[in-house]
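Student: To be precise about what I am sending: the file is called my_file_38.tsv and holds TSV, C-alpha atoms.
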```tsv
chain	number	residue	atom	x	y	z
A	1	MET	CA	-4.44	-9.16	-1.17
A	2	ASP	CA	-5.76	-7.20	-4.11
A	3	LYS	CA	-8.95	-5.25	-4.84
A	4	VAL	CA	-7.81	-2.29	-2.79
A	5	VAL	CA	-9.45	0.81	-4.27
A	6	THR	CA	-7.48	3.74	-2.94
A	7	SER	CA	-8.04	6.72	-5.23
A	8	VAL	CA	-9.53	9.75	-3.48
A	9	LEU	CA	-11.07	11.03	-6.70
A	10	GLY	CA	-11.86	7.57	-8.01
A	11	ARG	CA	-11.59	8.39	-11.72
A	12	LEU	CA	-11.24	5.43	-14.08
A	13	GLY	CA	-9.06	5.10	-17.17
A	14	VAL	CA	-7.97	2.61	-19.80
A	15	LEU	CA	-6.02	-0.33	-18.37
A	16	PRO	CA	-2.32	-0.34	-19.31
A	17	ALA	CA	-0.82	-2.97	-21.59
A	18	THR	CA	-0.42	-6.39	-19.96
A	19	GLY	CA	3.38	-6.39	-19.62
A	20	LEU	CA	3.51	-2.94	-18.08
A	21	ARG	CA	0.55	-3.69	-15.84
A	22	ASP	CA	2.19	-6.87	-14.53
A	23	ALA	CA	5.43	-5.00	-13.82
A	24	VAL	CA	3.71	-2.15	-12.01
A	25	ARG	CA	1.48	-4.51	-10.01
A	26	ALA	CA	4.45	-6.64	-8.96
A	27	GLN	CA	6.27	-3.58	-7.67
A	28	MET	CA	3.13	-2.45	-5.83
A	29	HIS	CA	2.69	-5.85	-4.23
A	30	LEU	CA	6.30	-5.97	-3.02
A	31	HIS	CA	6.83	-2.31	-2.10
A	32	ALA	CA	3.34	-1.11	-1.12
A	33	VAL	CA	1.44	-4.15	0.18
A	34	LEU	CA	4.04	-6.35	1.94
A	35	PRO	CA	5.62	-3.44	3.88
A	36	ARG	CA	2.22	-2.93	5.53
A	37	LEU	CA	3.02	-5.96	7.70
A	38	GLY	CA	4.93	-3.52	9.90
A	39	ASP	CA	1.79	-1.39	10.28
A	40	LEU	CA	-0.28	-4.52	10.82
A	41	ALA	CA	1.93	-5.54	13.76
A	42	ARG	CA	1.24	-2.11	15.27
A	43	LEU	CA	-2.53	-2.31	14.75
A	44	ASP	CA	-3.48	-5.96	15.31
A	45	ASP	CA	-2.93	-7.97	18.49
A	46	GLU	CA	-2.55	-11.37	16.81
A	47	ALA	CA	-0.09	-9.99	14.27
A	48	ARG	CA	1.88	-8.33	17.04
A	49	GLY	CA	2.14	-11.66	18.86
A	50	LEU	CA	3.34	-13.48	15.75
A	51	VAL	CA	5.98	-10.88	14.93
A	52	ALA	CA	7.23	-10.81	18.53
A	53	GLY	CA	8.62	-14.32	18.13
A	54	MET	CA	10.33	-13.80	14.77
A	55	LYS	CA	13.93	-12.93	14.00
A	56	VAL	CA	14.46	-13.49	10.29
A	57	GLY	CA	14.91	-11.79	6.95
A	58	ILE	CA	12.63	-13.02	4.15
A	59	ALA	CA	13.26	-11.92	0.57
A	60	PHE	CA	10.73	-11.95	-2.26
A	61	GLN	CA	12.41	-11.67	-5.67
A	62	VAL	CA	10.95	-11.52	-9.18
A	63	LEU	CA	13.42	-12.84	-11.75
A	64	GLY	CA	14.81	-9.75	-13.46
A	65	GLY	CA	12.38	-7.58	-11.50
A	66	PRO	CA	11.69	-6.03	-8.11
A	67	ARG	CA	12.85	-7.40	-4.78
A	68	VAL	CA	11.90	-6.76	-1.19
A	69	VAL	CA	13.46	-8.00	2.05
A	70	LEU	CA	11.17	-8.16	5.08
A	71	ARG	CA	13.18	-8.07	8.29
A	72	PHE	CA	11.48	-9.29	11.45
A	73	ALA	CA	13.27	-8.27	14.64
A	74	ASN	CA	12.59	-6.71	18.03
A	75	GLY	CA	8.84	-7.11	17.63
A	76	GLY	CA	8.67	-5.12	14.39
A	77	VAL	CA	8.87	-5.48	10.63
A	78	THR	CA	10.88	-3.33	8.23
A	79	ALA	CA	11.11	-3.53	4.45
A	80	ALA	CA	14.10	-2.82	2.22
A	81	LYS	CA	14.87	-3.26	-1.46
A	82	GLU	CA	18.38	-4.54	-0.84
A	83	GLY	CA	20.29	-6.62	1.70
A	84	GLY	CA	20.75	-10.19	2.78
A	85	ALA	CA	18.05	-12.57	3.96
A	86	ASN	CA	17.75	-15.92	5.72
A	87	VAL	CA	14.93	-17.01	3.38
A	88	CYS	CA	14.82	-16.20	-0.36
A	89	LEU	CA	11.73	-16.90	-2.48
A	90	LEU	CA	12.05	-16.46	-6.25
A	91	PHE	CA	9.17	-15.92	-8.66
A	92	PRO	CA	9.94	-16.62	-12.35
A	93	SER	CA	7.87	-13.67	-13.55
A	94	ALA	CA	5.89	-10.66	-12.36
A	95	ALA	CA	2.73	-12.40	-13.56
A	96	LYS	CA	3.40	-15.37	-11.25
A	97	LEU	CA	3.92	-13.11	-8.25
A	98	ASN	CA	0.74	-11.20	-9.05
A	99	ALA	CA	-1.18	-14.45	-9.41
A	100	MET	CA	-0.20	-15.39	-5.86
A	101	PHE	CA	-1.47	-12.06	-4.56
A	102	ASP	CA	-4.66	-12.61	-6.54
A	103	GLY	CA	-5.27	-15.78	-4.53
A	104	GLN	CA	-4.09	-18.36	-7.05
A	105	LYS	CA	-1.96	-21.30	-5.96
A	106	VAL	CA	1.61	-20.34	-6.85
A	107	THR	CA	4.69	-21.98	-5.35
A	108	PRO	CA	7.79	-19.78	-5.45
A	109	ILE	CA	11.24	-21.28	-5.97
A	110	PRO	CA	13.01	-21.47	-2.58
A	111	LEU	CA	16.59	-20.34	-3.13
A	112	LYS	CA	17.50	-20.29	0.54
A	113	GLY	CA	16.07	-21.09	3.96
A	114	VAL	CA	13.50	-23.70	3.01
A	115	HIS	CA	14.11	-25.33	6.41
A	116	ARG	CA	12.67	-22.30	8.24
A	117	MET	CA	9.11	-23.56	7.92
A	118	GLY	CA	8.08	-22.06	11.25
A	119	ASP	CA	8.85	-18.54	10.06
A	120	LEU	CA	7.16	-19.15	6.70
A	121	LYS	CA	4.01	-20.41	8.42
A	122	LYS	CA	3.93	-17.28	10.57
A	123	LEU	CA	4.41	-15.15	7.47
A	124	THR	CA	1.49	-16.90	5.79
A	125	ARG	CA	-0.70	-16.21	8.81
A	126	LEU	CA	0.37	-12.56	8.84
A	127	THR	CA	-0.54	-12.13	5.17
A	128	ASP	CA	-3.91	-13.78	5.86
A	129	ILE	CA	-4.59	-11.22	8.59
A	130	LEU	CA	-3.53	-8.38	6.30
A	131	THR	CA	-5.85	-9.69	3.58
A	132	ARG	CA	-8.71	-9.66	6.08
A	133	TYR	CA	-8.17	-5.93	6.66
A	134	LEU	CA	-7.74	-5.08	2.98
A	135	LYS	CA	-10.65	-7.25	1.81
A	136	PRO	CA	-12.97	-7.13	4.84
A	137	SER	CA	-16.23	-8.96	5.38
A	138	ASP	CA	-19.45	-7.16	6.25
A	139	VAL	CA	-19.23	-8.67	9.73
A	140	ASP	CA	-15.76	-7.22	10.30
A	141	MET	CA	-16.81	-3.83	8.97
A	142	ALA	CA	-19.62	-3.63	11.51
A	143	ASP	CA	-16.95	-2.95	14.14
A	144	ALA	CA	-15.86	0.70	14.31
A	145	GLY	CA	-12.33	-0.14	15.43
A	146	PHE	CA	-11.86	-2.58	12.56
A	147	ARG	CA	-13.15	0.00	10.05
A	148	ALA	CA	-10.53	2.52	11.18
A	149	LYS	CA	-7.74	-0.06	10.74
A	150	HIS	CA	-9.10	-1.03	7.33
A	151	VAL	CA	-9.01	2.62	6.26
A	152	GLU	CA	-5.47	3.16	7.56
A	153	LEU	CA	-3.98	0.08	5.92
A	154	SER	CA	-5.83	0.68	2.64
A	155	LEU	CA	-4.75	4.32	2.57
A	156	LEU	CA	-1.11	3.42	3.23
A	157	VAL	CA	-1.16	0.80	0.46
A	158	GLY	CA	-2.62	3.31	-1.97
A	159	LEU	CA	-0.21	6.09	-1.09
A	160	ALA	CA	2.82	3.80	-1.30
A	161	ALA	CA	1.60	2.33	-4.60
A	162	THR	CA	1.96	5.70	-6.32
A	163	ALA	CA	5.74	5.23	-6.22
A	164	ALA	CA	5.52	2.33	-8.70
A	165	ILE	CA	3.44	4.45	-11.09
A	166	ALA	CA	5.89	7.34	-10.82
A	167	GLU	CA	8.82	5.03	-11.54
A	168	LEU	CA	7.53	2.61	-14.19
A	169	GLU	CA	4.53	4.03	-16.01
A	170	PRO	CA	5.29	6.49	-18.84
A	171	LYS	CA	2.44	8.82	-17.86
A	172	GLY	CA	3.41	8.49	-14.21
A	173	ARG	CA	7.02	9.39	-14.96
A	174	ARG	CA	5.91	12.53	-16.79
A	175	ILE	CA	3.76	13.59	-13.85
A	176	ALA	CA	6.48	12.83	-11.31
A	177	GLY	CA	9.03	14.66	-13.42
A	178	HIS	CA	7.39	18.03	-12.85
A	179	MET	CA	5.65	17.36	-9.53
A	180	PRO	CA	6.96	19.74	-6.85
A	181	SER	CA	8.75	18.28	-3.86
A	182	GLY	CA	6.98	18.53	-0.52
A	183	THR	CA	4.89	16.65	2.03
A	184	MET	CA	1.21	15.76	2.09
A	185	VAL	CA	-0.89	14.71	5.07
A	186	TYR	CA	-4.13	12.75	4.74
A	187	ASP	CA	-6.20	13.42	7.86
A	188	ILE	CA	-9.29	11.27	8.48
A	189	GLY	CA	-11.52	13.01	11.00
A	190	GLY	CA	-11.67	10.96	14.22
A	191	GLY	CA	-9.47	8.34	12.61
A	192	PRO	CA	-6.01	7.63	11.24
A	193	LYS	CA	-3.57	9.96	9.54
A	194	ALA	CA	-0.91	9.19	6.95
A	195	HIS	CA	1.56	11.23	4.97
A	196	VAL	CA	3.75	11.11	1.91
A	197	VAL	CA	7.12	12.68	1.30
A	198	ILE	CA	7.78	13.68	-2.32
A	199	ASP	CA	11.42	14.39	-3.12
A	200	HIS	CA	12.22	15.12	-6.78
A	201	GLY	CA	9.62	12.62	-7.95
A	202	LYS	CA	10.49	9.92	-5.40
A	203	ILE	CA	7.61	9.04	-3.09
A	204	GLN	CA	7.63	7.56	0.40
A	205	ALA	CA	4.46	6.81	2.37
A	206	CYS	CA	4.34	6.67	6.18
A	207	ALA	CA	1.76	6.32	8.92
A	208	GLY	CA	0.86	9.32	11.06
A	209	ALA	CA	1.04	13.06	10.50
A	210	ILE	CA	4.05	15.29	9.87
A	211	ASP	CA	4.81	18.81	11.07
A	212	ASP	CA	4.21	21.71	8.67
A	213	PRO	CA	3.04	19.72	5.63
A	214	THR	CA	3.05	21.39	2.24
A	215	THR	CA	-0.50	20.16	1.65
A	216	THR	CA	-3.22	18.67	3.86
A	217	ILE	CA	-6.17	16.62	2.64
A	218	GLU	CA	-8.93	16.35	5.25
A	219	ILE	CA	-11.66	13.71	4.96
A	220	ARG	CA	-14.70	14.21	7.17
A	221	ASP	CA	-14.67	10.87	9.02
A	222	VAL	CA	-13.90	7.15	8.81
A	223	ASP	CA	-17.29	6.30	7.33
A	224	LEU	CA	-16.71	8.68	4.43
A	225	ALA	CA	-13.22	7.22	3.95
A	226	VAL	CA	-14.74	3.71	3.78
A	227	ALA	CA	-17.20	4.89	1.15
A	228	LEU	CA	-14.36	6.50	-0.82
A	229	ILE	CA	-12.40	3.24	-0.80
A	230	LYS	CA	-15.49	1.44	-2.13
A	231	GLY	CA	-15.93	4.06	-4.85
A	232	GLN	CA	-19.36	5.02	-3.53
A	233	VAL	CA	-18.83	8.78	-3.19
A	234	ASP	CA	-19.35	11.61	-5.66
A	235	THR	CA	-16.05	13.22	-4.78
A	236	PHE	CA	-16.81	16.47	-6.58
A	237	ALA	CA	-19.97	16.86	-4.50
A	238	ALA	CA	-18.04	15.91	-1.36
A	239	ASN	CA	-15.46	18.59	-2.11
A	240	GLY	CA	-18.22	21.11	-2.67
A	241	ALA	CA	-19.88	20.20	0.62
A	242	GLY	CA	-16.59	20.47	2.54
A	243	ASP	CA	-16.53	16.75	3.37
A	244	ILE	CA	-13.16	16.59	1.60
A	245	ARG	CA	-10.94	19.64	1.96
A	246	ALA	CA	-7.51	20.50	0.64
A	247	SER	CA	-5.30	23.22	2.08
A	248	GLY	CA	-1.77	24.39	1.42
A	249	SER	CA	-0.23	23.83	-2.01
A	250	LEU	CA	-3.07	22.84	-4.31
A	251	THR	CA	-0.55	22.36	-7.13
A	252	LEU	CA	1.09	19.51	-5.21
A	253	ALA	CA	-2.34	18.08	-4.33
A	254	ASP	CA	-3.44	18.09	-7.97
A	255	GLU	CA	-0.24	16.51	-9.28
A	256	PHE	CA	-0.03	13.84	-6.60
A	257	ASN	CA	-3.73	12.96	-6.82
A	258	THR	CA	-3.30	12.42	-10.56
A	259	LEU	CA	-0.92	9.59	-9.63
A	260	PHE	CA	-3.15	8.46	-6.77
A	261	ASP	CA	-6.12	8.22	-9.12
A	262	ARG	CA	-4.25	5.70	-11.26
A	263	VAL	CA	-3.62	3.22	-8.44
A	264	GLY	CA	-7.08	1.77	-8.97
A	265	LEU	CA	-6.10	0.72	-12.51
A	266	TYR	CA	-3.64	-1.74	-11.00
A	267	LEU	CA	-5.02	-2.66	-7.57
A	268	ALA	CA	-8.72	-3.01	-8.43
```
If you convert what's in this file into structure tokens, what do you get?
Tutor:
Amino acid sequence: MDKVVTSVLGRLGVLPATGLRDAVRAQMHLHAVLPRLGDLARLDDEARGLVAGMKVGIAFQVLGGPRVVLRFANGGVTAAKEGGANVCLLFPSAAKLNAMFDGQKVTPIPLKGVHRMGDLKKLTRLTDILTRYLKPSDVDMADAGFRAKHVELSLLVGLAATAAIAELEPKGRRIAGHMPSGTMVYDIGGGPKAHVVIDHGKIQACAGAIDDPTTTIEIRDVDLAVALIKGQVDTFAANGAGDIRASGSLTLADEFNTLFDRVGLYLA
């Protein structure tokens, strides 16, 4: 489920030390990637059908590390860091969890609910569908509707992933520590919208727009957004041409995009 390049500016930097990188990536996988299953059920017909038949809580836990509980109910999916679950899957280290997301064969330790194979098979199919959107084929990307969904899911992953950087990475903590609170909307012309809420350094990403945002980032269209995700755009030139425009609090935009730029160091 990896190789999601989400930085609007696309600047590169030196990769963090292995232990920190594994910890940040694990948190991103659990708290930025897996929660997108709820958005997937909204966007994809097959995913919606799978989720409609599920009523279960499935927990992913890294030993001594992050945890997420995916709750499937009433045709939707929600994610929480705490709470009980019918199925609990334990990973002995962040590196093992990350290896699974990188496509390696990793078998988690089932602490609870191993008998619920039907739900686990549906979950596997859902993650396969999500991977298809995050790592699309050229054939899939030839369809305009698919491209828009790819952009929305990739953008939401990237925005949500900034929370792990703000919490765990020393540089990220410094940035978050003096980043003003507020809201930011990312508006793709003719396509999806997403927003983030920044509250004293804590970051939450959501689909859709929000009223009276502190800052708005407008991207010309879906095709430009696709090119940005691939890292194929000179973003400084695009800003100069008006293909990418920022309005409202530019201080918030600059601070947040400094975090956003670093997502590609972990999910790339």
Student: Could you tell me how far CA of Tyr133 (chain A) sits from CA of Leu224 (chain A), in Å to one decimal place?
Tutor: 17.1 Å
Student: So how many Å separate CA of Pro213 (chain A) and CA of Gly248 (chain A), to one decimal?
Tutor: 7.9 Å
Student: If you measure from CA of Ala166 (chain A) to CA of Val226 (chain A), what distance in Å do you get, rounded to one decimal?
Tutor: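 Result for CA of Ala166 (chain A) versus CA of Val226 (chain A): 25.5 Å, one decimal.
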Student: Quick one: residues within 8 Å of Asp221 (chain A), all atoms listed in the file, excluding same-chain residues fewer than 3 positions away - as a list in words?
Tutor: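 Counting all atoms listed in the file, the residues come to Ile188, Gly189, Gly190, Gly191, Leu224 and Ala225 of chain A.
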Student: Please provide as a PyMOL selection string all residues within 7 Å of region 56-67 of chain A, with the sequence filter that same-chain residues fewer than 4 positions apart are discarded (counting only C-alpha atoms).
Tutor: chain A and resi 27+30+71-73+81+85-94
Student: For Thr131 (chain A), which residue among A:Ala160, A:Val196, A:Ile109, A:Leu153 is the nearest when counting only C-alpha atoms?
Tutor: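 Going through A:Ala160, A:Val196, A:Ile109, A:Leu153 one by one, the smallest distance to Thr131 (chain A) is for A:Leu153.
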Student: Here's a test: counting only C-alpha atoms, identify every protein, DNA and RNA residue with an atom at most 12 Å from (-0.9, -6.0, -18.0) in the file's coordinate frame, and state them as a PyMOL selection string.
Tutor: chain A and resi 14-26+94-95+98+169+265-267
Student: Just to be explicit: take each residue in the selection above, keep C-alpha atoms, and write the result as a PDB file, in the frame of the given file.
Tutor:
```pdb
ATOM      1  CA  VAL A  14      -7.970   2.610 -19.800  1.00  0.00           C
ATOM      2  CA  LEU A  15      -6.020  -0.330 -18.370  1.00  0.00           C
ATOM      3  CA  PRO A  16      -2.320  -0.340 -19.310  1.00  0.00           C
ATOM      4  CA  ALA A  17      -0.820  -2.970 -21.590  1.00  0.00           C
ATOM      5  CA  THR A  18      -0.420  -6.390 -19.960  1.00  0.00           C
ATOM      6  CA  GLY A  19       3.380  -6.390 -19.620  1.00  0.00           C
ATOM      7  CA  LEU A  20       3.510  -2.940 -18.080  1.00  0.00           C
ATOM      8  CA  ARG A  21       0.550  -3.690 -15.840  1.00  0.00           C
ATOM      9  CA  ASP A  22       2.190  -6.870 -14.530  1.00  0.00           C
ATOM     10  CA  ALA A  23       5.430  -5.000 -13.820  1.00  0.00           C
ATOM     11  CA  VAL A  24       3.710  -2.150 -12.010  1.00  0.00           C
ATOM     12  CA  ARG A  25       1.480  -4.510 -10.010  1.00  0.00           C
ATOM     13  CA  ALA A  26       4.450  -6.640  -8.960  1.00  0.00           C
ATOM     14  CA  ALA A  94       5.890 -10.660 -12.360  1.00  0.00           C
ATOM     15  CA  ALA A  95       2.730 -12.400 -13.560  1.00  0.00           C
ATOM     16  CA  ASN A  98       0.740 -11.200  -9.050  1.00  0.00           C
ATOM     17  CA  GLU A 169       4.530   4.030 -16.010  1.00  0.00           C
ATOM     18  CA  LEU A 265      -6.100   0.720 -12.510  1.00  0.00           C
ATOM     19  CA  TYR A 266      -3.640  -1.740 -11.000  1.00  0.00           C
ATOM     20  CA  LEU A 267      -5.020  -2.660  -7.570  1.00  0.00           C
TER      21      LEU A 267
END
```
Student: With distances taken over all atoms listed in the file, which residue among A:Leu130, A:Leu50, A:Val185, A:Ala161 lies nearest Phe146 (chain A)?
Tutor: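 The closest residue to Phe146 (chain A) is A:Leu130.
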